[in-house]
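The structure appears below as structure tokens.
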Amino acid sequence: MTELASYLVPGFFVSDHVIPVPLDWADESWGRIDLFYRVVVDPAKRNEDLPLLVFLQGGPGGAGPRPNQGPAWLKEAVKHYRVILPDQRGTGRSSLVDGEDIARYDDPAEAAWYLRKFLADSIVQDLEHLRHSMFGGQRWTALGQSYGGFLTLTYLSHAPGALNAALIAGGVPGVPASAADVYRHTFPRAERRSREFYRRFPKDLDTVALVADRLAEGDVTLPNGDALTIPRFQSIGLDLGMKPGYERLHWLIDTAFARPGRLSDAFLYDVMNRTATAENPLYWTLQEFVYGSGANGPIDWAAAHELERHPEFEPGARPLLFFGEMAFPWMFHDVYELRPFKQAVELMMRQVEWPLLYDPARLAANEVPVEAAVYFDDLYVDSGLQLETLQGLGNSHAWVTNEYEHDGLRTGDVFARLHSLLQDRGGPLA
């Protein structure tokens, strides 16, 4: 292990670390990449022997949170745990994968092979290596946010002995995994969110229509030179599943026009930043491949095929509806940061066999206590699919709530509630 730095930020003592891990766990001759992680603890408890909690970040492609003032859950967690914040492979400071990195491959098949090394099966093996090599094989509690919940069930399927408890917030995957099922549920929720937005801000209906009409004329470019199309504008609806997403979208629309017929620079910069992927290029690149498990391919642009069944989302429809968490082929043509990934992603969309992520028999026999917050109105992870999976997950308990949006772990007292529920059931395994 290399400790890179240690320091205090308000409320936390933080130490930064990096260890090498194999790019390909099945064949270590392919070389190594960096796995970066932070250890965060209450400054007053830095020398205490505390239980471990590993945070599994949402995504895909999301780096671990930076402590700063801390998300709500972290402030509560350090009262009880020494918290491990990994940057999942390919994100943040863990050998970041971006367009320049992927462009070094002349053969798209090699680039696709490389990208497949940044999915859940490899991430869990990284975590196991980290646990054994740096923490003496001590069992830890997993806290999975969104995609982190997918990782948690992968963990429970392949290395349940690593965990003494699991807490999941808005991230129980469907088992068996199916991208098509996911998007069949996602489009109706995105429509409801769009209509709710217009109900809250009725004047925005007309302004959004004017924006769409202007984009339909063509020749609107973002500050980085990308064309701004209606579908790209629709993709800002991704924010409607967070708080205060409705308000953020309203204030964006509020300044859309500098004068009649001309979109403002502030609006164009904001749309560019919301729809680009400079901070997490793997987010859209791997979005549909998180559902690849066993022989359930090809995934074949599941969201795009489902979109064909929903003419209410067409660019010419009014009111103009916004997309949710949906990846489309046009992104890899229209978005600067994603263009280098285009050919590799197209090959991956045709892949039939994927590593098997979930073991239904092992999950049914699970003894690790699992507490899951299921957000009833979740835009991104369907509550019905989550509850179906939890019915087949041994020793699990669901707390279903509509008090929070998908980011309730970050903004509310979700962690405190999950931790309390865990303690009420006897706490983690010994």
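Each chain in the structure tokens gets a letter, A, B, ..., in the order shown, and its residues are numbered from 1; ligands are numbered from 1 in order too.
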Fewer than 6 positions away in the same chain doesn't count, so skip those; otherwise give me all residues within 12 Å of His419 (chain A), counting only C-alpha atoms, as a list in words. Leu53, Trp73, Glu76, Ala77, Lys79, His80, Tyr81, Thr141, Ala142, Leu143, Ala165, Ala166, Leu167, Ile168, Ala169, Pro369, Val370, Glu371, Ala372, Ala373, Trp399, Leu409, Asp413, Arg425, Gly426, Gly427 and Pro428 of chain A
Please, could you write that set of residues out with C-alpha atoms as a PDB file, in the first residue's frame?
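Okay, this is what ended up in out.pdb:
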ATOM      1  CA  LEU A  53     -17.842   0.241   6.346  1.00  0.00           C
ATOM      2  CA  TRP A  73     -24.736   9.632   5.392  1.00  0.00           C
ATOM      3  CA  GLU A  76     -23.576   9.772  10.539  1.00  0.00           C
ATOM      4  CA  ALA A  77     -21.412   6.827   9.482  1.00  0.00           C
ATOM      5  CA  LYS A  79     -20.010   8.015  14.470  1.00  0.00           C
ATOM      6  CA  HIS A  80     -19.872   4.219  14.212  1.00  0.00           C
ATOM      7  CA  TYR A  81     -17.349   3.174  11.543  1.00  0.00           C
ATOM      8  CA  THR A 141     -20.375  -3.652   6.219  1.00  0.00           C
ATOM      9  CA  ALA A 142     -21.247  -2.617   2.668  1.00  0.00           C
ATOM     10  CA  LEU A 143     -23.255   0.514   1.974  1.00  0.00           C
ATOM     11  CA  ALA A 165     -24.077  -6.631   6.927  1.00  0.00           C
ATOM     12  CA  ALA A 166     -25.296  -4.793   3.855  1.00  0.00           C
ATOM     13  CA  LEU A 167     -27.186  -1.517   3.602  1.00  0.00           C
ATOM     14  CA  ILE A 168     -28.678  -0.550   0.240  1.00  0.00           C
ATOM     15  CA  ALA A 169     -30.252   2.753  -0.790  1.00  0.00           C
ATOM     16  CA  PRO A 369     -28.456  -9.088   7.240  1.00  0.00           C
ATOM     17  CA  VAL A 370     -29.557  -6.741   4.457  1.00  0.00           C
ATOM     18  CA  GLU A 371     -31.464  -3.514   5.030  1.00  0.00           C
ATOM     19  CA  ALA A 372     -32.724  -1.854   1.846  1.00  0.00           C
ATOM     20  CA  ALA A 373     -34.320   1.562   1.401  1.00  0.00           C
ATOM     21  CA  TRP A 399     -38.064  -0.084   4.113  1.00  0.00           C
ATOM     22  CA  LEU A 409     -28.795   8.878   1.204  1.00  0.00           C
ATOM     23  CA  ASP A 413     -31.359  10.676   7.216  1.00  0.00           C
ATOM     24  CA  ARG A 425     -32.519  -6.857  14.045  1.00  0.00           C
ATOM     25  CA  GLY A 426     -29.434  -7.683  16.098  1.00  0.00           C
ATOM     26  CA  GLY A 427     -26.779  -5.784  14.170  1.00  0.00           C
ATOM     27  CA  PRO A 428     -24.083  -7.148  11.864  1.00  0.00           C
TER      28      PRO A 428
END
Might you pull out every residue within 10 Å of region 331-333 of chain A, with only C-alpha atoms counted and same-chain residues fewer than 4 positions away left off, and present them as a VMD selection string? chain A and resid 226 231 to 232 235 275 to 276 284 to 285 327 337 to 343 345 to 346
Could you turn the residues from that selection into a file that holds N, CA and C atoms, as an mmCIF file, in the first residue's frame?
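And here's again_32.cif as it stands now:
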data_model
loop_
_atom_site.group_PDB
_atom_site.id
_atom_site.type_symbol
_atom_site.label_atom_id
_atom_site.label_comp_id
_atom_site.auth_asym_id
_atom_site.auth_seq_id
_atom_site.Cartn_x
_atom_site.Cartn_y
_atom_site.Cartn_z
ATOM 1 N N ASP A 226 -20.289 20.951 -29.909
ATOM 2 C CA ASP A 226 -21.307 19.922 -30.144
ATOM 3 C C ASP A 226 -22.611 20.566 -30.600
ATOM 4 N N PRO A 231 -33.171 15.681 -28.810
ATOM 5 C CA PRO A 231 -32.949 14.564 -27.871
ATOM 6 C C PRO A 231 -31.908 14.881 -26.798
ATOM 7 N N ARG A 232 -30.863 15.609 -27.161
ATOM 8 C CA ARG A 232 -29.881 15.948 -26.129
ATOM 9 C C ARG A 232 -30.508 16.886 -25.087
ATOM 10 N N SER A 235 -32.530 15.012 -22.623
ATOM 11 C CA SER A 235 -31.789 14.199 -21.655
ATOM 12 C C SER A 235 -31.500 14.934 -20.360
ATOM 13 N N THR A 275 -25.138 17.643 -19.770
ATOM 14 C CA THR A 275 -25.263 16.514 -20.694
ATOM 15 C C THR A 275 -23.931 15.983 -21.183
ATOM 16 N N ALA A 276 -22.826 16.637 -20.812
ATOM 17 C CA ALA A 276 -21.502 16.105 -21.127
ATOM 18 C C ALA A 276 -21.118 15.096 -20.043
ATOM 19 N N TRP A 284 -22.416 6.865 -19.165
ATOM 20 C CA TRP A 284 -23.245 6.479 -20.300
ATOM 21 C C TRP A 284 -22.624 5.317 -21.061
ATOM 22 N N THR A 285 -21.300 5.233 -21.083
ATOM 23 C CA THR A 285 -20.635 4.160 -21.822
ATOM 24 C C THR A 285 -21.058 2.791 -21.313
ATOM 25 N N ALA A 327 -29.609 5.530 -22.061
ATOM 26 C CA ALA A 327 -28.518 5.709 -23.017
ATOM 27 C C ALA A 327 -29.029 5.421 -24.427
ATOM 28 N N GLU A 337 -17.298 13.863 -25.490
ATOM 29 C CA GLU A 337 -16.571 12.965 -24.586
ATOM 30 C C GLU A 337 -16.836 11.494 -24.890
ATOM 31 N N LEU A 338 -17.950 11.194 -25.573
ATOM 32 C CA LEU A 338 -18.331 9.806 -25.814
ATOM 33 C C LEU A 338 -17.944 9.286 -27.186
ATOM 34 N N ARG A 339 -17.579 10.166 -28.110
ATOM 35 C CA ARG A 339 -17.295 9.712 -29.477
ATOM 36 C C ARG A 339 -16.217 8.644 -29.550
ATOM 37 N N PRO A 340 -15.131 8.738 -28.775
ATOM 38 C CA PRO A 340 -14.108 7.693 -28.880
ATOM 39 C C PRO A 340 -14.598 6.301 -28.483
ATOM 40 N N PHE A 341 -15.701 6.224 -27.740
ATOM 41 C CA PHE A 341 -16.211 4.937 -27.272
ATOM 42 C C PHE A 341 -17.170 4.273 -28.264
ATOM 43 N N LYS A 342 -17.539 4.969 -29.325
ATOM 44 C CA LYS A 342 -18.658 4.554 -30.170
ATOM 45 C C LYS A 342 -18.515 3.125 -30.702
ATOM 46 N N GLN A 343 -17.420 2.816 -31.360
ATOM 47 C CA GLN A 343 -17.297 1.511 -31.998
ATOM 48 C C GLN A 343 -17.227 0.386 -30.976
ATOM 49 N N VAL A 345 -18.576 0.378 -27.962
ATOM 50 C CA VAL A 345 -19.904 0.206 -27.375
ATOM 51 C C VAL A 345 -20.813 -0.563 -28.326
ATOM 52 N N GLU A 346 -20.730 -0.265 -29.609
ATOM 53 C CA GLU A 346 -21.563 -0.979 -30.573
ATOM 54 C C GLU A 346 -21.254 -2.480 -30.578
#
Could you pull out the alpha helix (DSSP H) residues of region 260-387 of chain A from DSSP and send them as a PyMOL selection string? chain A and resi 265-275+282-285+302-307+331-334+342-348+360-364+383-387
Write the residues of the selection above to a file with N, CA and C atoms, as a short mmCIF file (atom, residue, chain, number, x, y, z; two decimals), in the first residue's frame.
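Saved file part02.cif follows:
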data_model
loop_
_atom_site.label_atom_id
_atom_site.label_comp_id
_atom_site.auth_asym_id
_atom_site.auth_seq_id
_atom_site.Cartn_x
_atom_site.Cartn_y
_atom_site.Cartn_z
N ASP A 265 -26.25 32.33 -23.67
CA ASP A 265 -24.99 31.62 -23.41
C ASP A 265 -25.07 30.86 -22.09
N ALA A 266 -25.68 31.45 -21.08
CA ALA A 266 -25.80 30.77 -19.79
C ALA A 266 -26.55 29.45 -19.93
N PHE A 267 -27.63 29.47 -20.70
CA PHE A 267 -28.40 28.26 -20.94
C PHE A 267 -27.56 27.22 -21.67
N LEU A 268 -26.86 27.63 -22.70
CA LEU A 268 -26.08 26.68 -23.51
C LEU A 268 -24.94 26.07 -22.69
N TYR A 269 -24.29 26.89 -21.87
CA TYR A 269 -23.23 26.34 -21.01
C TYR A 269 -23.81 25.34 -20.02
N ASP A 270 -24.94 25.68 -19.46
CA ASP A 270 -25.55 24.80 -18.45
C ASP A 270 -25.98 23.48 -19.07
N VAL A 271 -26.62 23.52 -20.24
CA VAL A 271 -27.03 22.29 -20.92
C VAL A 271 -25.80 21.46 -21.28
N MET A 272 -24.76 22.11 -21.77
CA MET A 272 -23.53 21.39 -22.10
C MET A 272 -22.99 20.65 -20.89
N ASN A 273 -22.89 21.36 -19.76
CA ASN A 273 -22.32 20.74 -18.57
C ASN A 273 -23.20 19.62 -18.02
N ARG A 274 -24.51 19.78 -18.14
CA ARG A 274 -25.40 18.74 -17.62
C ARG A 274 -25.42 17.50 -18.49
N THR A 275 -25.14 17.64 -19.77
CA THR A 275 -25.26 16.51 -20.69
C THR A 275 -23.93 15.98 -21.18
N LEU A 282 -17.56 6.95 -18.09
CA LEU A 282 -18.07 5.58 -18.12
C LEU A 282 -19.56 5.50 -17.78
N TYR A 283 -20.15 6.60 -17.33
CA TYR A 283 -21.55 6.56 -16.91
C TYR A 283 -22.46 6.14 -18.06
N TRP A 284 -22.42 6.86 -19.17
CA TRP A 284 -23.24 6.48 -20.30
C TRP A 284 -22.62 5.32 -21.06
N THR A 285 -21.30 5.23 -21.08
CA THR A 285 -20.64 4.16 -21.82
C THR A 285 -21.06 2.79 -21.31
N ALA A 302 -31.22 -1.38 -25.42
CA ALA A 302 -32.54 -1.67 -24.86
C ALA A 302 -33.40 -0.42 -24.73
N ALA A 303 -32.82 0.68 -24.28
CA ALA A 303 -33.61 1.91 -24.11
C ALA A 303 -34.08 2.43 -25.45
N ALA A 304 -33.23 2.37 -26.47
CA ALA A 304 -33.61 2.87 -27.79
C ALA A 304 -34.75 2.05 -28.37
N HIS A 305 -34.72 0.74 -28.17
CA HIS A 305 -35.81 -0.10 -28.68
C HIS A 305 -37.10 0.19 -27.93
N GLU A 306 -37.02 0.42 -26.64
CA GLU A 306 -38.23 0.74 -25.88
C GLU A 306 -38.78 2.10 -26.29
N LEU A 307 -37.90 3.04 -26.62
CA LEU A 307 -38.34 4.37 -27.05
C LEU A 307 -39.24 4.28 -28.28
N MET A 331 -25.89 9.48 -28.56
CA MET A 331 -24.95 10.07 -27.60
C MET A 331 -23.50 9.86 -28.05
N PHE A 332 -23.23 8.73 -28.67
CA PHE A 332 -21.87 8.40 -29.04
C PHE A 332 -21.47 9.01 -30.38
N HIS A 333 -22.37 9.76 -30.94
CA HIS A 333 -22.08 10.58 -32.12
C HIS A 333 -22.08 12.06 -31.76
N ASP A 334 -23.02 12.46 -30.91
CA ASP A 334 -23.24 13.88 -30.64
C ASP A 334 -22.43 14.44 -29.48
N LYS A 342 -17.54 4.97 -29.32
CA LYS A 342 -18.66 4.55 -30.17
C LYS A 342 -18.51 3.13 -30.70
N GLN A 343 -17.42 2.82 -31.36
CA GLN A 343 -17.30 1.51 -32.00
C GLN A 343 -17.23 0.39 -30.98
N ALA A 344 -16.54 0.62 -29.88
CA ALA A 344 -16.44 -0.42 -28.84
C ALA A 344 -17.81 -0.68 -28.22
N VAL A 345 -18.58 0.38 -27.96
CA VAL A 345 -19.90 0.21 -27.37
C VAL A 345 -20.81 -0.56 -28.33
N GLU A 346 -20.73 -0.26 -29.61
CA GLU A 346 -21.56 -0.98 -30.57
C GLU A 346 -21.25 -2.48 -30.58
N LEU A 347 -19.98 -2.83 -30.44
CA LEU A 347 -19.61 -4.24 -30.36
C LEU A 347 -20.15 -4.87 -29.07
N MET A 348 -20.04 -4.16 -27.97
CA MET A 348 -20.52 -4.69 -26.70
C MET A 348 -22.03 -4.88 -26.70
N PRO A 360 -28.93 -16.83 -7.77
CA PRO A 360 -30.21 -16.85 -7.07
C PRO A 360 -30.23 -17.83 -5.89
N ALA A 361 -29.61 -18.98 -6.03
CA ALA A 361 -29.62 -19.96 -4.94
C ALA A 361 -28.85 -19.43 -3.73
N ARG A 362 -27.70 -18.85 -3.98
CA ARG A 362 -26.91 -18.31 -2.87
C ARG A 362 -27.61 -17.11 -2.25
N LEU A 363 -28.25 -16.28 -3.07
CA LEU A 363 -28.98 -15.14 -2.53
C LEU A 363 -30.17 -15.59 -1.68
N ALA A 364 -30.86 -16.64 -2.12
CA ALA A 364 -31.99 -17.15 -1.35
C ALA A 364 -31.55 -17.68 0.00
N SER A 383 -39.19 0.43 -8.13
CA SER A 383 -39.45 -0.11 -6.79
C SER A 383 -40.06 -1.50 -6.87
N GLY A 384 -40.90 -1.75 -7.87
CA GLY A 384 -41.50 -3.08 -8.00
C GLY A 384 -40.46 -4.15 -8.26
N LEU A 385 -39.52 -3.86 -9.16
CA LEU A 385 -38.46 -4.83 -9.43
C LEU A 385 -37.59 -5.05 -8.19
N GLN A 386 -37.34 -3.98 -7.43
CA GLN A 386 -36.54 -4.12 -6.22
C GLN A 386 -37.22 -5.05 -5.22
N LEU A 387 -38.51 -4.85 -5.03
CA LEU A 387 -39.23 -5.66 -4.04
C LEU A 387 -39.33 -7.11 -4.48
#
Long-range neighbours of Leu356 (chain A) as a VMD selection string, 10 Å cut-off, only C-alpha atoms, 4 positions minimum in chain: chain A and resid 120 to 121 154 157 to 158 176 to 177 292 to 296
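Restricting the calculation to only C-alpha atoms, the smallest distance between Asn402 (chain A) and any of A:Leu320, A:Phe135, A:Glu353, A:Gly170 is found for A:Gly170.
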Env of Pro43 (chain A): 12 Å cut, atoms = only C-alpha atoms, seq-sep filter 6 positions within chain, self excluded. Answer as a list in words.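 Final neighbour list, sorted by chain and number: Ser6, Tyr7, Leu8, Val9, Pro10, Gly11, Phe12, Phe13, Val14, Ser15, Lys75, Val78, Lys79, Tyr81 and Arg82 of chain A.
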Test item: residues at most 9 Å from Gly64 (chain A), only C-alpha atoms, excluding those fewer than 6 positions along its chain, as a VMD selection string: chain A and resid 37 to 38 55 to 58 85 to 88 91 to 92
Go through A:Pro71, A:Ala44, A:Phe289, A:Leu52 and flag the residue nearest Gly136 (chain A), using only C-alpha atoms for the distances.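 Of A:Pro71, A:Ala44, A:Phe289, A:Leu52, the one nearest Gly136 (chain A), counting only C-alpha atoms, is A:Leu52.
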Determine which residues of region 158-330 of chain A receive a DSSP assignment of strand (DSSP E or B), computed from the backbone, and state them as a ChimeraX atom specification. /A:163-169,221,227,257-259,262-263,294
Check the smallest atom-to-atom distance from each of A:Ser420, A:Ile33, A:Ser396, A:Phe322 to Ala365 (chain A) using only C-alpha atoms, then report the winner. A:Ser396
Test item: residues at most 9 Å from Phe118 (chain A), only C-alpha atoms, excluding those fewer than 2 positions along its chain, as a tab-separated table (two decimals) with N, CA and C atoms, in the first residue's frame:
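Resulting contents of around.tsv:
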chain	number	residue	atom	x	y	z
A	23	LEU	N	-5.50	-5.65	-14.12
A	23	LEU	CA	-6.53	-5.22	-15.07
A	23	LEU	C	-7.52	-6.36	-15.31
A	61	GLY	N	-19.55	4.23	-13.32
A	61	GLY	CA	-18.60	5.29	-13.63
A	61	GLY	C	-18.51	6.38	-12.60
A	88	GLN	N	-14.07	3.40	-7.73
A	88	GLN	CA	-14.13	2.16	-8.50
A	88	GLN	C	-13.19	2.23	-9.70
A	89	ARG	N	-12.66	1.10	-10.09
A	89	ARG	CA	-11.70	1.08	-11.21
A	89	ARG	C	-12.25	1.85	-12.41
A	90	GLY	N	-11.37	2.64	-13.01
A	90	GLY	CA	-11.74	3.44	-14.17
A	90	GLY	C	-12.35	4.77	-13.86
A	114	TYR	N	-11.29	-4.25	-23.26
A	114	TYR	CA	-10.78	-3.42	-22.17
A	114	TYR	C	-11.93	-2.86	-21.32
A	115	LEU	N	-12.97	-2.34	-21.96
A	115	LEU	CA	-14.08	-1.76	-21.23
A	115	LEU	C	-14.82	-2.79	-20.39
A	116	ARG	N	-14.86	-4.03	-20.84
A	116	ARG	CA	-15.54	-5.07	-20.06
A	116	ARG	C	-14.85	-5.34	-18.73
A	120	ALA	N	-19.02	-4.97	-12.80
A	120	ALA	CA	-19.20	-5.38	-11.41
A	120	ALA	C	-18.33	-6.55	-10.99
A	121	ASP	N	-18.13	-7.54	-11.88
A	121	ASP	CA	-17.35	-8.71	-11.48
A	121	ASP	C	-15.93	-8.32	-11.09
A	122	SER	N	-15.33	-7.40	-11.87
A	122	SER	CA	-13.98	-6.94	-11.56
A	122	SER	C	-13.95	-6.04	-10.33
A	123	ILE	N	-14.98	-5.20	-10.18
A	123	ILE	CA	-15.02	-4.28	-9.04
A	123	ILE	C	-15.07	-5.07	-7.73
A	282	LEU	N	-17.56	6.95	-18.09
A	282	LEU	CA	-18.07	5.58	-18.12
A	282	LEU	C	-19.56	5.50	-17.78
A	286	LEU	N	-21.11	2.61	-20.00
A	286	LEU	CA	-21.43	1.30	-19.42
A	286	LEU	C	-22.88	1.20	-18.93
Given only C-alpha atoms as the basis, pick out the residue of A:Ile236, A:Val172, A:Ala109, A:Ala179 nearest to Thr389 (chain A). A:Val172
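Ranking A:Phe376, A:Trp301, A:Phe415, A:Phe197 by their shortest atom-to-atom distance to Val400 (chain A), with only C-alpha atoms included, puts A:Phe376 first.
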